[in-house]
$ cat target.json   # JSON, C-alpha atoms and all ligand atoms
[["chain", "number", "residue", "atom", "x", "y", "z"],
["A", 17, "MET", "CA", 0.00, 0.00, 0.00],
["A", 18, "THR", "CA", 2.99, 2.26, 0.53],
["A", 19, "ASP", "CA", 6.59, 2.40, -0.59],
["A", 20, "GLN", "CA", 7.60, 4.34, 2.53],
["A", 21, "ASN", "CA", 10.25, 2.58, 4.58],
["A", 22, "PRO", "CA", 8.84, 1.08, 7.80],
["A", 23, "ALA", "CA", 10.52, 3.61, 10.12],
["A", 24, "ASP", "CA", 8.97, 6.57, 8.25],
["A", 25, "ARG", "CA", 5.60, 4.92, 7.95],
["A", 26, "TRP", "CA", 5.22, 4.18, 11.65],
["A", 27, "ARG", "CA", 6.74, 7.52, 12.68],
["A", 28, "ALA", "CA", 4.00, 9.23, 10.68],
["A", 29, "GLU", "CA", 1.37, 7.06, 12.41],
["A", 30, "SER", "CA", 2.86, 7.92, 15.79],
["A", 31, "GLU", "CA", 2.73, 11.64, 15.02],
["A", 32, "ARG", "CA", -0.87, 11.34, 13.87],
["A", 33, "LEU", "CA", -1.87, 9.68, 17.14],
["A", 34, "GLU", "CA", 0.14, 12.15, 19.19],
["A", 35, "HIS", "CA", -1.51, 15.14, 17.52],
["A", 36, "LEU", "CA", -5.04, 13.94, 18.13],
["A", 37, "THR", "CA", -6.78, 15.98, 20.79],
["A", 38, "PHE", "CA", -8.13, 14.25, 23.88],
["A", 39, "ALA", "CA", -9.48, 15.48, 27.17],
["A", 40, "HIS", "CA", -6.79, 13.46, 28.94],
["A", 41, "GLU", "CA", -3.77, 11.28, 28.14],
["A", 42, "ILE", "CA", -5.72, 8.29, 29.48],
["A", 43, "ALA", "CA", -8.16, 8.69, 26.57],
["A", 44, "ARG", "CA", -5.24, 8.87, 24.14],
["A", 45, "ALA", "CA", -3.84, 5.59, 25.49],
["A", 46, "GLU", "CA", -7.24, 3.94, 25.06],
["A", 47, "ALA", "CA", -7.36, 5.18, 21.46],
["A", 48, "VAL", "CA", -3.83, 3.91, 20.77],
["A", 49, "ALA", "CA", -4.68, 0.51, 22.26],
["A", 50, "GLN", "CA", -7.84, 0.35, 20.14],
["A", 51, "TRP", "CA", -5.86, 1.31, 17.04],
["A", 52, "ALA", "CA", -3.21, -1.35, 17.76],
["A", 53, "VAL", "CA", -5.77, -4.12, 18.20],
["A", 54, "GLN", "CA", -7.60, -3.11, 15.01],
["A", 55, "THR", "CA", -4.39, -2.74, 13.01],
["A", 56, "PHE", "CA", -2.52, -5.87, 14.07],
["A", 57, "SER", "CA", -5.22, -8.22, 15.38],
["A", 58, "ASP", "CA", -3.70, -11.60, 16.34],
["A", 59, "GLU", "CA", -0.28, -10.48, 15.18],
["A", 60, "LEU", "CA", -0.05, -8.27, 18.26],
["A", 61, "VAL", "CA", 1.81, -9.37, 21.42],
["A", 62, "LEU", "CA", 1.11, -7.88, 24.85],
["A", 63, "THR", "CA", 3.75, -8.43, 27.53],
["A", 64, "ALA", "CA", 3.23, -7.48, 31.16],
["A", 65, "SER", "CA", 5.63, -7.44, 34.09],
["A", 66, "PHE", "CA", 2.77, -7.03, 36.58],
["A", 67, "GLN", "CA", 4.29, -4.04, 38.35],
["A", 68, "ASP", "CA", 0.82, -2.58, 38.12],
["A", 69, "ALA", "CA", -2.52, -3.41, 36.53],
["A", 70, "VAL", "CA", -2.79, -0.56, 34.04],
["A", 71, "MET", "CA", -1.74, -2.07, 30.71],
["A", 72, "VAL", "CA", -3.53, -5.37, 31.23],
["A", 73, "ASN", "CA", -6.74, -3.61, 32.19],
["A", 74, "LEU", "CA", -6.46, -1.11, 29.34],
["A", 75, "LEU", "CA", -5.98, -3.85, 26.76],
["A", 76, "ARG", "CA", -8.54, -6.26, 28.12],
["A", 77, "SER", "CA", -11.10, -3.45, 27.97],
["A", 78, "VAL", "CA", -10.40, -3.29, 24.22],
["A", 79, "LYS", "CA", -9.97, -7.04, 23.60],
["A", 80, "PRO", "CA", -11.14, -9.13, 26.57],
["A", 81, "ASP", "CA", -9.40, -12.34, 25.47],
["A", 82, "ILE", "CA", -6.08, -10.77, 24.52],
["A", 83, "GLU", "CA", -3.14, -12.98, 25.50],
["A", 84, "VAL", "CA", -0.97, -11.45, 28.21],
["A", 85, "VAL", "CA", 2.60, -12.77, 28.11],
["A", 86, "PHE", "CA", 4.41, -12.85, 31.45],
["A", 87, "LEU", "CA", 8.16, -13.39, 31.09],
["A", 88, "ASP", "CA", 8.87, -15.42, 34.21],
["A", 89, "THR", "CA", 12.55, -14.86, 34.99],
["A", 90, "GLN", "CA", 12.22, -17.28, 37.94],
["A", 91, "TYR", "CA", 13.53, -14.49, 40.16],
["A", 92, "SER", "CA", 10.26, -12.60, 40.57],
["A", 93, "PHE", "CA", 9.18, -11.54, 44.04],
["A", 94, "PRO", "CA", 6.56, -13.92, 45.46],
["A", 95, "GLU", "CA", 4.38, -10.81, 45.80],
["A", 96, "THR", "CA", 4.56, -10.28, 42.02],
["A", 97, "ILE", "CA", 3.41, -13.83, 41.33],
["A", 98, "ALA", "CA", 0.60, -13.47, 43.87],
["A", 99, "TYR", "CA", -0.41, -10.12, 42.34],
["A", 100, "ARG", "CA", -0.36, -11.62, 38.83],
["A", 101, "ASN", "CA", -2.58, -14.47, 40.01],
["A", 102, "GLU", "CA", -4.95, -12.08, 41.77],
["A", 103, "LEU", "CA", -5.31, -9.91, 38.65],
["A", 104, "THR", "CA", -5.74, -12.96, 36.45],
["A", 105, "GLN", "CA", -8.70, -14.04, 38.52],
["A", 106, "ARG", "CA", -10.19, -10.64, 39.10],
["A", 107, "LEU", "CA", -9.87, -9.37, 35.51],
["A", 108, "HIS", "CA", -10.31, -12.76, 33.80],
["A", 109, "LEU", "CA", -6.95, -12.40, 32.08],
["A", 110, "ASN", "CA", -5.66, -14.83, 29.49],
["A", 111, "VAL", "CA", -2.07, -15.12, 30.79],
["A", 112, "ARG", "CA", 0.69, -17.14, 29.18],
["A", 113, "VAL", "CA", 3.74, -17.71, 31.36],
["A", 114, "VAL", "CA", 6.99, -17.96, 29.39],
["A", 115, "GLU", "CA", 10.02, -19.39, 31.17],
["A", 116, "PRO", "CA", 13.67, -19.08, 30.17],
["A", 117, "ASP", "CA", 15.69, -22.00, 28.96],
["A", 118, "VAL", "CA", 18.36, -21.72, 31.68],
["A", 119, "PRO", "CA", 18.85, -23.27, 35.14],
["A", 120, "ARG", "CA", 16.92, -22.00, 38.13],
["A", 121, "GLY", "CA", 18.84, -20.64, 41.10],
["A", 122, "GLU", "CA", 21.04, -17.65, 41.78],
["A", 123, "GLN", "CA", 24.28, -19.38, 40.72],
["A", 124, "PHE", "CA", 23.47, -18.60, 37.10],
["A", 125, "LEU", "CA", 23.27, -14.88, 37.86],
["A", 126, "LEU", "CA", 26.56, -15.05, 39.74],
["A", 127, "ASP", "CA", 28.18, -16.91, 36.85],
["A", 128, "VAL", "CA", 27.06, -14.71, 33.95],
["A", 129, "GLY", "CA", 26.42, -11.31, 35.58],
["A", 130, "THR", "CA", 23.41, -9.08, 35.11],
["A", 131, "THR", "CA", 23.84, -8.54, 31.37],
["A", 132, "GLY", "CA", 24.06, -12.25, 30.61],
["A", 133, "CYS", "CA", 21.28, -13.08, 33.05],
["A", 134, "CYS", "CA", 18.88, -10.42, 31.67],
["A", 135, "ASN", "CA", 19.69, -11.60, 28.19],
["A", 136, "ALA", "CA", 18.93, -15.24, 28.98],
["A", 137, "ARG", "CA", 15.93, -14.66, 31.22],
["A", 138, "LYS", "CA", 14.24, -11.74, 29.47],
["A", 139, "VAL", "CA", 15.61, -10.79, 26.06],
["A", 140, "GLN", "CA", 15.83, -14.24, 24.52],
["A", 141, "PRO", "CA", 12.42, -15.46, 25.77],
["A", 142, "LEU", "CA", 10.87, -12.23, 24.48],
["A", 143, "GLN", "CA", 12.51, -12.76, 21.12],
["A", 144, "LYS", "CA", 10.93, -16.21, 20.88],
["A", 145, "VAL", "CA", 7.52, -14.77, 21.72],
["A", 146, "LEU", "CA", 7.84, -11.98, 19.14],
["A", 147, "THR", "CA", 9.15, -14.09, 16.30],
["A", 148, "GLY", "CA", 6.68, -14.08, 13.43],
["A", 149, "LYS", "CA", 4.52, -11.35, 14.99],
["A", 150, "ALA", "CA", 3.86, -7.89, 13.57],
["A", 151, "ALA", "CA", 3.73, -5.73, 16.69],
["A", 152, "TRP", "CA", 4.57, -5.60, 20.38],
["A", 153, "LEU", "CA", 2.63, -3.66, 23.02],
["A", 154, "SER", "CA", 4.69, -2.37, 25.89],
["A", 155, "GLY", "CA", 3.79, -0.30, 28.96],
["A", 156, "ILE", "CA", 6.88, 1.92, 29.08],
["A", 157, "ARG", "CA", 6.49, 5.62, 29.83],
["A", 158, "ARG", "CA", 8.68, 8.63, 28.99],
["A", 159, "VAL", "CA", 8.99, 9.77, 32.59],
["A", 160, "GLU", "CA", 10.46, 6.48, 33.81],
["A", 161, "THR", "CA", 14.09, 7.01, 32.78],
["A", 162, "PRO", "CA", 16.07, 9.49, 30.65],
["A", 163, "GLU", "CA", 16.53, 6.69, 28.09],
["A", 164, "ARG", "CA", 12.74, 6.52, 27.68],
["A", 165, "ALA", "CA", 12.19, 10.29, 27.46],
["A", 166, "ASN", "CA", 11.55, 10.26, 23.71],
["A", 167, "THR", "CA", 9.53, 7.05, 23.50],
["A", 168, "PRO", "CA", 7.11, 7.36, 20.56],
["A", 169, "LEU", "CA", 3.58, 5.99, 20.70],
["A", 170, "VAL", "CA", 4.40, 3.84, 17.69],
["A", 171, "ALA", "CA", 7.79, 2.99, 16.22],
["A", 172, "TRP", "CA", 9.47, 0.53, 13.92],
["A", 173, "ASP", "CA", 11.94, -1.65, 15.82],
["A", 174, "PRO", "CA", 14.59, -2.45, 13.21],
["A", 175, "LYS", "CA", 16.37, -4.96, 15.42],
["A", 176, "ARG", "CA", 13.29, -7.10, 15.98],
["A", 177, "GLU", "CA", 11.69, -6.11, 12.69],
["A", 178, "LEU", "CA", 8.29, -5.31, 14.08],
["A", 179, "VAL", "CA", 6.24, -2.37, 15.30],
["A", 180, "LYS", "CA", 6.48, -1.37, 18.94],
["A", 181, "VAL", "CA", 3.41, 0.31, 20.40],
["A", 182, "SER", "CA", 3.62, 2.15, 23.73],
["A", 183, "PRO", "CA", 0.14, 3.47, 24.58],
["A", 184, "LEU", "CA", 1.26, 4.83, 27.99],
["A", 185, "ALA", "CA", 4.29, 6.69, 26.62],
["A", 186, "THR", "CA", 2.84, 10.13, 27.46],
["A", 187, "TRP", "CA", 1.58, 9.24, 30.95],
["A", 188, "THR", "CA", 2.86, 10.76, 34.18],
["A", 189, "ASP", "CA", 2.97, 8.88, 37.49],
["A", 190, "GLU", "CA", -0.20, 10.77, 38.44],
["A", 191, "ASP", "CA", -1.98, 9.39, 35.36],
["A", 192, "VAL", "CA", -1.16, 5.86, 36.54],
["A", 193, "VAL", "CA", -2.60, 6.58, 39.99],
["A", 194, "GLN", "CA", -5.68, 8.23, 38.47],
["A", 195, "TYR", "CA", -6.31, 5.28, 36.16],
["A", 196, "GLN", "CA", -5.88, 2.73, 38.95],
["A", 197, "THR", "CA", -8.25, 4.70, 41.19],
["A", 198, "GLU", "CA", -10.89, 5.23, 38.51],
["A", 199, "HIS", "CA", -10.86, 1.53, 37.64],
["A", 200, "ASP", "CA", -10.60, 0.33, 41.24],
["A", 201, "LEU", "CA", -7.44, -1.63, 40.48],
["A", 202, "PRO", "CA", -5.29, -2.97, 43.30],
["A", 203, "ALA", "CA", -1.69, -1.76, 43.60],
["A", 204, "HIS", "CA", 1.24, -4.17, 43.59],
["A", 205, "PRO", "CA", 1.68, -4.98, 47.31],
["A", 206, "LEU", "CA", 5.35, -3.93, 47.34],
["A", 207, "THR", "CA", 4.49, -0.42, 46.13],
["A", 208, "VAL", "CA", 2.54, 0.17, 49.33],
["A", 209, "PRO", "CA", 4.62, 0.75, 52.51],
["A", 210, "HIS", "CA", 4.90, -2.45, 54.55],
["A", 211, "PRO", "CA", 2.79, -2.01, 57.73],
["A", 212, "GLU", "CA", 5.62, -3.10, 60.05],
["A", 213, "THR", "CA", 8.91, -2.33, 58.31],
["A", 214, "GLY", "CA", 7.75, 0.65, 56.23],
["A", 215, "LEU", "CA", 9.66, -0.77, 53.26],
["A", 216, "VAL", "CA", 8.34, 0.26, 49.86],
["A", 217, "TYR", "CA", 9.54, -0.27, 46.28],
["A", 218, "SER", "CA", 9.45, 2.38, 43.56],
["A", 219, "SER", "CA", 10.07, -0.10, 40.74],
["A", 220, "ILE", "CA", 9.55, -3.85, 40.82],
["A", 221, "GLY", "CA", 11.88, -6.20, 38.99],
["A", 222, "CYS", "CA", 13.61, -9.44, 39.93],
["A", 223, "GLN", "CA", 14.20, -9.98, 43.62],
["A", 224, "PRO", "CA", 18.03, -10.15, 43.52],
["A", 225, "CYS", "CA", 18.27, -6.93, 41.49],
["A", 226, "THR", "CA", 15.68, -4.68, 43.15],
["A", 227, "LEU", "CA", 16.17, -2.58, 46.28],
["A", 228, "PRO", "CA", 13.52, -0.89, 48.39],
["A", 229, "PHE", "CA", 13.18, 2.87, 48.03],
["A", 230, "LYS", "CA", 14.59, 5.11, 50.73],
["A", 231, "GLN", "CA", 13.70, 8.76, 51.17],
["A", 232, "GLY", "CA", 16.10, 10.88, 49.13],
["A", 233, "ASP", "CA", 17.08, 8.00, 46.82],
["A", 234, "ASP", "CA", 16.99, 8.33, 43.06],
["A", 235, "PRO", "CA", 14.27, 5.76, 42.20],
["A", 236, "ARG", "CA", 16.29, 4.67, 39.14],
["A", 237, "ASN", "CA", 19.02, 3.34, 41.43],
["A", 238, "SER", "CA", 16.62, 0.82, 42.91],
["A", 239, "ARG", "CA", 17.29, -1.58, 40.02],
["A", 240, "TRP", "CA", 20.67, -3.26, 39.53],
["A", 241, "ASN", "CA", 22.06, -1.06, 42.30],
["A", 242, "GLY", "CA", 22.33, 1.83, 39.84],
["A", 243, "GLU", "CA", 24.66, -0.20, 37.61],
["A", 244, "LYS", "CA", 22.23, 0.13, 34.68],
["A", 245, "THR", "CA", 18.63, 1.23, 34.09],
["A", 246, "GLU", "CA", 17.53, -1.07, 31.27],
["A", 247, "CYS", "CA", 17.53, -4.86, 31.07],
["A", 248, "GLY", "CA", 17.73, -4.98, 27.27],
["A", 249, "LEU", "CA", 14.05, -5.48, 26.45],
["A", 250, "HIS", "CA", 13.60, -1.84, 25.50],
["A", 251, "VAL", "CA", 16.54, -1.14, 23.23],
["B", 1, "LIG", "S1", 16.90, -8.45, 36.59],
["B", 1, "LIG", "FE1", 18.54, -9.59, 37.64],
["B", 1, "LIG", "S2", 17.73, -11.62, 38.10],
["B", 1, "LIG", "FE2", 16.34, -10.63, 36.61],
["B", 1, "LIG", "S3", 17.01, -11.36, 34.67],
["B", 1, "LIG", "FE3", 18.09, -9.43, 35.01],
["B", 1, "LIG", "S4", 20.02, -9.93, 36.05],
["B", 1, "LIG", "FE4", 18.70, -11.76, 36.11]]
$ encode --input "target.json" --output "structure tokens"
Amino acid sequence: MTDQNPADRWRAESERLEHLTFAHEIARAEAVAQWAVQTFSDELVLTASFQDAVMVNLLRSVKPDIEVVFLDTQYSFPETIAYRNELTQRLHLNVRVVEPDVPRGEQFLLDVGTTGCCNARKVQPLQKVLTGKAAWLSGIRRVETPERANTPLVAWDPKRELVKVSPLATWTDEDVVQYQTEHDLPAHPLTVPHPETGLVYSSIGCQPCTLPFKQGDDPRNSRWNGEKTECGLHV
């Protein structure tokens, strides 16, 4: 239908969606999710880390039976697994758990380091899930890290050769809270201060690589001890 190269084509689509006028960024995200489902149908992959319930609720409101892929690194907090199970039941989610093809246990992490471990437990399993698909839906937001500050709503991923759609790209932290409140969605238990210890997490990843948030900390340092801010999924 077009002889535009894929990067230009999807950049133009992203700009079109970004320039649409909505009363709130939440409405824009719903429109982007709707557009993605209509455009890519079964060739669309939704992944969720279950740090919160926003993306899964947004997408299931558009396509109730959409498959939600959970990349199980085998190092998730038990609270994350419990939260995933609670949301699955409560929202009737169609979750597929994808496990890595490497040994369980922390020795692997010690042996290969965080780059090798993230690659084996996240990047490679994701690649298998995305192979043969046309588009990937991710919940990343511009405010999360400096590396994500220019995240487009829609972009061609030349490395994976598919379209990446980020409906929440324009959201602030307040938008997330507003959406969760409006939809009566539970928060991940670790993002709420523990009643006895007061411990709270600003970002939830794998247990060995995630630290609780302390007043005055840069929230980005809570993952990998500040050694890096991306695991390699969002390149
Ligand atoms: S976040 Fe840590 S435990 Fe999880 S895959 Fe990466 S290095 Fe391994």
$ residues_around --input "target.json" --residues "Ile220 in chain A" --least-positions-apart "3" --cutoff "7 Å" --atoms "all atoms listed in the file" --output "JSON, numbers by chain"
{"A": [67, 217, 226]}
$ closest_residue --input "target.json" --among "A:Leu60, A:Val216, A:Val181, A:Val128" --to "ligand LIG 1 (chain B)" --atoms "only C-alpha atoms and all ligand atoms"
A:Val128
$ residues_around --input "target.json" --residues "Asp81 in chain A" --least-positions-apart "2" --cutoff "10 Å" --atoms "only C-alpha atoms" --output "mmCIF file with C-alpha atoms, in the coordinates of the input"
data_model
loop_
_atom_site.group_PDB
_atom_site.id
_atom_site.type_symbol
_atom_site.label_atom_id
_atom_site.label_comp_id
_atom_site.auth_asym_id
_atom_site.auth_seq_id
_atom_site.Cartn_x
_atom_site.Cartn_y
_atom_site.Cartn_z
ATOM 1 C CA LEU A 75 -5.980 -3.850 26.760
ATOM 2 C CA ARG A 76 -8.540 -6.260 28.120
ATOM 3 C CA SER A 77 -11.100 -3.450 27.970
ATOM 4 C CA VAL A 78 -10.400 -3.290 24.220
ATOM 5 C CA LYS A 79 -9.970 -7.040 23.600
ATOM 6 C CA GLU A 83 -3.140 -12.980 25.500
ATOM 7 C CA VAL A 84 -0.970 -11.450 28.210
ATOM 8 C CA HIS A 108 -10.310 -12.760 33.800
ATOM 9 C CA LEU A 109 -6.950 -12.400 32.080
ATOM 10 C CA ASN A 110 -5.660 -14.830 29.490
ATOM 11 C CA VAL A 111 -2.070 -15.120 30.790
#
$ closest_atom_pairs --input "target.json" --of "chain A" --to "ligand LIG 1 (chain B)" --cutoff "10 Å" --atoms "all atoms listed in the file" --output "JSON lines"
{"residue": "A:Leu87", "atom": "CA", "partner": "B:LIG1", "partner_atom": "S3", "distance": 9.8}
{"residue": "A:Asp88", "atom": "CA", "partner": "B:LIG1", "partner_atom": "S3", "distance": 9.1}
{"residue": "A:Thr89", "atom": "CA", "partner": "B:LIG1", "partner_atom": "S3", "distance": 5.7}
{"residue": "A:Gln90", "atom": "CA", "partner": "B:LIG1", "partner_atom": "S2", "distance": 7.9}
{"residue": "A:Tyr91", "atom": "CA", "partner": "B:LIG1", "partner_atom": "S2", "distance": 5.5}
{"residue": "A:Ser92", "atom": "CA", "partner": "B:LIG1", "partner_atom": "FE2", "distance": 7.5}
{"residue": "A:Pro116", "atom": "CA", "partner": "B:LIG1", "partner_atom": "S3", "distance": 9.5}
{"residue": "A:Gly121", "atom": "CA", "partner": "B:LIG1", "partner_atom": "S2", "distance": 9.6}
{"residue": "A:Glu122", "atom": "CA", "partner": "B:LIG1", "partner_atom": "S2", "distance": 7.8}
{"residue": "A:Phe124", "atom": "CA", "partner": "B:LIG1", "partner_atom": "FE4", "distance": 8.4}
{"residue": "A:Leu125", "atom": "CA", "partner": "B:LIG1", "partner_atom": "FE4", "distance": 5.8}
{"residue": "A:Leu126", "atom": "CA", "partner": "B:LIG1", "partner_atom": "S4", "distance": 9.1}
{"residue": "A:Val128", "atom": "CA", "partner": "B:LIG1", "partner_atom": "S4", "distance": 8.8}
{"residue": "A:Gly129", "atom": "CA", "partner": "B:LIG1", "partner_atom": "S4", "distance": 6.6}
{"residue": "A:Thr130", "atom": "CA", "partner": "B:LIG1", "partner_atom": "S4", "distance": 3.6}
{"residue": "A:Thr131", "atom": "CA", "partner": "B:LIG1", "partner_atom": "S4", "distance": 6.2}
{"residue": "A:Gly132", "atom": "CA", "partner": "B:LIG1", "partner_atom": "S4", "distance": 7.2}
{"residue": "A:Cys133", "atom": "CA", "partner": "B:LIG1", "partner_atom": "FE4", "distance": 4.2}
{"residue": "A:Cys134", "atom": "CA", "partner": "B:LIG1", "partner_atom": "FE3", "distance": 3.6}
{"residue": "A:Asn135", "atom": "CA", "partner": "B:LIG1", "partner_atom": "S3", "distance": 7.0}
{"residue": "A:Ala136", "atom": "CA", "partner": "B:LIG1", "partner_atom": "S3", "distance": 7.1}
{"residue": "A:Arg137", "atom": "CA", "partner": "B:LIG1", "partner_atom": "S3", "distance": 4.9}
{"residue": "A:Lys138", "atom": "CA", "partner": "B:LIG1", "partner_atom": "S3", "distance": 5.9}
{"residue": "A:Val139", "atom": "CA", "partner": "B:LIG1", "partner_atom": "S3", "distance": 8.7}
{"residue": "A:Ile220", "atom": "CA", "partner": "B:LIG1", "partner_atom": "S1", "distance": 9.6}
{"residue": "A:Gly221", "atom": "CA", "partner": "B:LIG1", "partner_atom": "S1", "distance": 6.0}
{"residue": "A:Cys222", "atom": "CA", "partner": "B:LIG1", "partner_atom": "FE2", "distance": 4.5}
{"residue": "A:Gln223", "atom": "CA", "partner": "B:LIG1", "partner_atom": "S2", "distance": 6.8}
{"residue": "A:Pro224", "atom": "CA", "partner": "B:LIG1", "partner_atom": "S2", "distance": 5.6}
{"residue": "A:Cys225", "atom": "CA", "partner": "B:LIG1", "partner_atom": "FE1", "distance": 4.7}
{"residue": "A:Thr226", "atom": "CA", "partner": "B:LIG1", "partner_atom": "S1", "distance": 7.7}
{"residue": "A:Arg239", "atom": "CA", "partner": "B:LIG1", "partner_atom": "S1", "distance": 7.7}
{"residue": "A:Trp240", "atom": "CA", "partner": "B:LIG1", "partner_atom": "FE1", "distance": 6.9}
{"residue": "A:Glu246", "atom": "CA", "partner": "B:LIG1", "partner_atom": "S1", "distance": 9.1}
{"residue": "A:Cys247", "atom": "CA", "partner": "B:LIG1", "partner_atom": "FE3", "distance": 6.1}
{"residue": "A:Gly248", "atom": "CA", "partner": "B:LIG1", "partner_atom": "FE3", "distance": 8.9}
$ write_last_selection --input "target.json" --atoms "C-alpha atoms" --output "PDB file, in the coordinates of the input"
ATOM      1  CA  LEU A  87       8.160 -13.390  31.090  1.00  0.00           C
ATOM      2  CA  ASP A  88       8.870 -15.420  34.210  1.00  0.00           C
ATOM      3  CA  THR A  89      12.550 -14.860  34.990  1.00  0.00           C
ATOM      4  CA  GLN A  90      12.220 -17.280  37.940  1.00  0.00           C
ATOM      5  CA  TYR A  91      13.530 -14.490  40.160  1.00  0.00           C
ATOM      6  CA  SER A  92      10.260 -12.600  40.570  1.00  0.00           C
ATOM      7  CA  PRO A 116      13.670 -19.080  30.170  1.00  0.00           C
ATOM      8  CA  GLY A 121      18.840 -20.640  41.100  1.00  0.00           C
ATOM      9  CA  GLU A 122      21.040 -17.650  41.780  1.00  0.00           C
ATOM     10  CA  PHE A 124      23.470 -18.600  37.100  1.00  0.00           C
ATOM     11  CA  LEU A 125      23.270 -14.880  37.860  1.00  0.00           C
ATOM     12  CA  LEU A 126      26.560 -15.050  39.740  1.00  0.00           C
ATOM     13  CA  VAL A 128      27.060 -14.710  33.950  1.00  0.00           C
ATOM     14  CA  GLY A 129      26.420 -11.310  35.580  1.00  0.00           C
ATOM     15  CA  THR A 130      23.410  -9.080  35.110  1.00  0.00           C
ATOM     16  CA  THR A 131      23.840  -8.540  31.370  1.00  0.00           C
ATOM     17  CA  GLY A 132      24.060 -12.250  30.610  1.00  0.00           C
ATOM     18  CA  CYS A 133      21.280 -13.080  33.050  1.00  0.00           C
ATOM     19  CA  CYS A 134      18.880 -10.420  31.670  1.00  0.00           C
ATOM     20  CA  ASN A 135      19.690 -11.600  28.190  1.00  0.00           C
ATOM     21  CA  ALA A 136      18.930 -15.240  28.980  1.00  0.00           C
ATOM     22  CA  ARG A 137      15.930 -14.660  31.220  1.00  0.00           C
ATOM     23  CA  LYS A 138      14.240 -11.740  29.470  1.00  0.00           C
ATOM     24  CA  VAL A 139      15.610 -10.790  26.060  1.00  0.00           C
ATOM     25  CA  ILE A 220       9.550  -3.850  40.820  1.00  0.00           C
ATOM     26  CA  GLY A 221      11.880  -6.200  38.990  1.00  0.00           C
ATOM     27  CA  CYS A 222      13.610  -9.440  39.930  1.00  0.00           C
ATOM     28  CA  GLN A 223      14.200  -9.980  43.620  1.00  0.00           C
ATOM     29  CA  PRO A 224      18.030 -10.150  43.520  1.00  0.00           C
ATOM     30  CA  CYS A 225      18.270  -6.930  41.490  1.00  0.00           C
ATOM     31  CA  THR A 226      15.680  -4.680  43.150  1.00  0.00           C
ATOM     32  CA  ARG A 239      17.290  -1.580  40.020  1.00  0.00           C
ATOM     33  CA  TRP A 240      20.670  -3.260  39.530  1.00  0.00           C
ATOM     34  CA  GLU A 246      17.530  -1.070  31.270  1.00  0.00           C
ATOM     35  CA  CYS A 247      17.530  -4.860  31.070  1.00  0.00           C
ATOM     36  CA  GLY A 248      17.730  -4.980  27.270  1.00  0.00           C
TER      37      GLY A 248
END
$ residues_around --input "target.json" --residues "range 206-213 of chain A" --least-positions-apart "3" --cutoff "10 Å" --atoms "all atoms listed in the file" --output "list in words"
Gln67, Asp68, Phe93, Glu95, Thr96, Tyr99, Ala203, Val216, Tyr217, Ser218, Ser219, Ile220, Pro228 and Phe229 of chain A
$ atom_distance --input "target.json" --atom1 "CA of Gly148 in chain A" --atom2 "CA of Thr167 in chain A"
23.6 Å
$ atom_distance --input "target.json" --atom1 "CA of Val48 in chain A" --atom2 "CA of His204 in chain A"
24.7 Å
$ closest_residue --input "target.json" --among "A:Leu169, A:Leu153, A:Val159, A:Val61" --to "Glu190 in chain A" --atoms "only C-alpha atoms"
A:Val159
$ residues_around --input "target.json" --residues "range 49-52 of chain A" --least-positions-apart "5" --cutoff "12 Å" --atoms "only C-alpha atoms" --output "ChimeraX atom specification"
/A:26,29-30,32-33,42-44,57-62,70-80,82,150-155,169-171,179-185
$ atom_distance --input "target.json" --atom1 "CA of Pro174 in chain A" --atom2 "CA of Thr55 in chain A"
19.0 Å
$ axis_aligned_box --input "target.json" --around "range 90-99 of chain A" --padding-each-side "3 Å" --output "AutoDock Vina command-line options"
--center_x 6.6 --center_y -13.7 --center_z 41.9 --size_x 19.9 --size_y 13.2 --size_z 13.9
